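> Before anything else, here's the structure in question.
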Amino acid sequence: MLRMWKWYQSCLSLHPVKTQVISSGFLWGFGDIAAQYITHSTAKKRLQYKQDEEQEFKVNWKRVAITSMFGFGFVGPVGHFWYEGLDKFIKMRLHLRPKSARFVATKVAMDGLIFGPFDLFVFFTYMGFSTGKSVAQVKEDVMRDFLPALILEGGVWPIVQVANFRYVRVRYQLLYVNIFCLLDSAFLSWIEQQKDAPWKQRFSSFTSLKERGGQGRL
């Protein structure tokens with residue numbers, strides 16, 4: 001384990017972007033396999049497999065490849081420059097003392113308000129187009145999945161990032177995030193695979209009521 005850590009440190013020093021890209025891609029791929037297994041297990045518990053309840057779990061490798069490409073093409077490179085740039089911006093432009101409460105709080109807020117929603121939007125949009133869906137279908141999927149994911153993640157990621165920005169060095173912050181992304185990619189893939197699950201419709205109903213209320217006031 002220690003050798004692997006030293007090897008990772010060496011790769012990160014020599015090829016920081018490439019190392020972040022490769023690690024992100026593999027972690028998102030593993031996360032999608034976990035999501036597929038969770039979805040399969042959940043379906044069996046709900047008796048969706050009526051004819052063969054003992055149907056074996058089979059990995060959809062095409063979906064794994066698609067999800068991995070999101071890690072390779074977006075999370076790795078964009079995440080690397082985001083955390084590096086965010087740290088420099090807060091230090092040099094806002095002149096906040098590193099590791100202070102205001103410094104950490106500002107980082108968490110900017111990460112949650114800017115990068116978090118953007119990451120979710122790109123993920124669901126990418127997953128839609130990569131599976132051959134039309135613009136209208138992708139728009140419908142994003143409207144269905146974005147808000148539930150944003151709300152549910154909003155209760156977890158700020159806590160994760162407080163520890164990240166307070167105790168982890170900048171060069172390792174994406175690695176820290178990627179470890180949690182192993183779970184997060186499973187969660188997002190599971191959200192996307194749930195389609196029109198009943199619990200999602202509650203968010204859709206809330207949005208519809210809000211829009212109707214806004215129209216009524218005009």
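Following the order of the structure tokens, first chain is A, next is B, and so on, with residues numbered from 1 inside each chain and ligands from 1 in the order they appear.
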With a cut-off of 7 Å, could you pull out the residues of stretch 4-115 of chain A touching stretch 138-162 of chain A and give me the nearest pair of atoms for each, distance in Å to one decimal, using only C-alpha atoms, ordered by chain and ascending number, as JSON lines?

```
{"residue": "A:Val104", "atom": "CA", "partner": "A:Val162", "partner_atom": "CA", "distance": 6.4}
{"residue": "A:Val108", "atom": "CA", "partner": "A:Gln161", "partner_atom": "CA", "distance": 6.1}
{"residue": "A:Gly112", "atom": "CA", "partner": "A:Pro158", "partner_atom": "CA", "distance": 7.0}
```
> Could you write those residues out with N, CA and C atoms, as a PDB file, in the first residue's frame?

```pdb
ATOM      1  N   VAL A 104     -12.103  28.227   4.302  1.00  0.00           N
ATOM      2  CA  VAL A 104     -12.747  26.934   4.048  1.00  0.00           C
ATOM      3  C   VAL A 104     -14.214  27.127   3.664  1.00  0.00           C
ATOM      4  N   VAL A 108     -15.988  25.983   0.166  1.00  0.00           N
ATOM      5  CA  VAL A 108     -17.122  25.056   0.165  1.00  0.00           C
ATOM      6  C   VAL A 108     -18.312  25.675  -0.558  1.00  0.00           C
ATOM      7  N   GLY A 112     -19.845  24.313  -4.026  1.00  0.00           N
ATOM      8  CA  GLY A 112     -21.220  23.830  -4.033  1.00  0.00           C
ATOM      9  C   GLY A 112     -22.135  24.597  -4.961  1.00  0.00           C
TER      10      GLY A 112
END
```
> Which polymer residues have any atom within 12 Å of an atom of A:Val17, counting only C-alpha atoms, with same-chain residues fewer than 2 positions away left out, as a count of residues only?
27
> What is the atom CA of A:Phe115 to atom CA of A:Phe26 distance in Å?
20.9 Å
> Between atom CA of A:Gly85 and atom CA of A:Leu27, measure the distance and give it in Å to one decimal.
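About the pair atom CA of A:Gly85 and atom CA of A:Leu27: they are 22.9 Å apart.
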> When you draw a straight line from atom CA of A:Ser41 to atom CA of A:Gln55, how long is it in Å?
10.2 Å
> From the options A:Lys99, A:Lys62, A:Ala105, A:Ile114, which residue's atoms come nearest to A:Arg169, counting only C-alpha atoms?
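Of all the options, A:Lys99 lies closest to A:Arg169.
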> Near A:Phe187, counting only C-alpha atoms, which residues have an atom at most 12 Å away, once you skip same-chain residues fewer than 3 positions from it, shown as a list in words?
Trp28, Phe30, Gly31, Asp32, Ile33, Ala34, Ala35, Gln36, Tyr37, Ile38, Thr39, Leu120, Asp145, Pro148, Ala149, Leu150, Leu152, Glu153, Val156, Phe180, Cys181, Leu182, Leu183, Asp184, Trp190, Ile191, Glu192, Gln193 and Gln194 of chain A
> Can you tell me, as a VMD selection string, which residues in stretch 6-215 of chain A count as helix (DSSP H, G or I) by DSSP?
chain A and resid 6 to 14 16 to 45 61 to 92 101 to 130 135 to 154 157 to 167 170 to 193 198 to 215
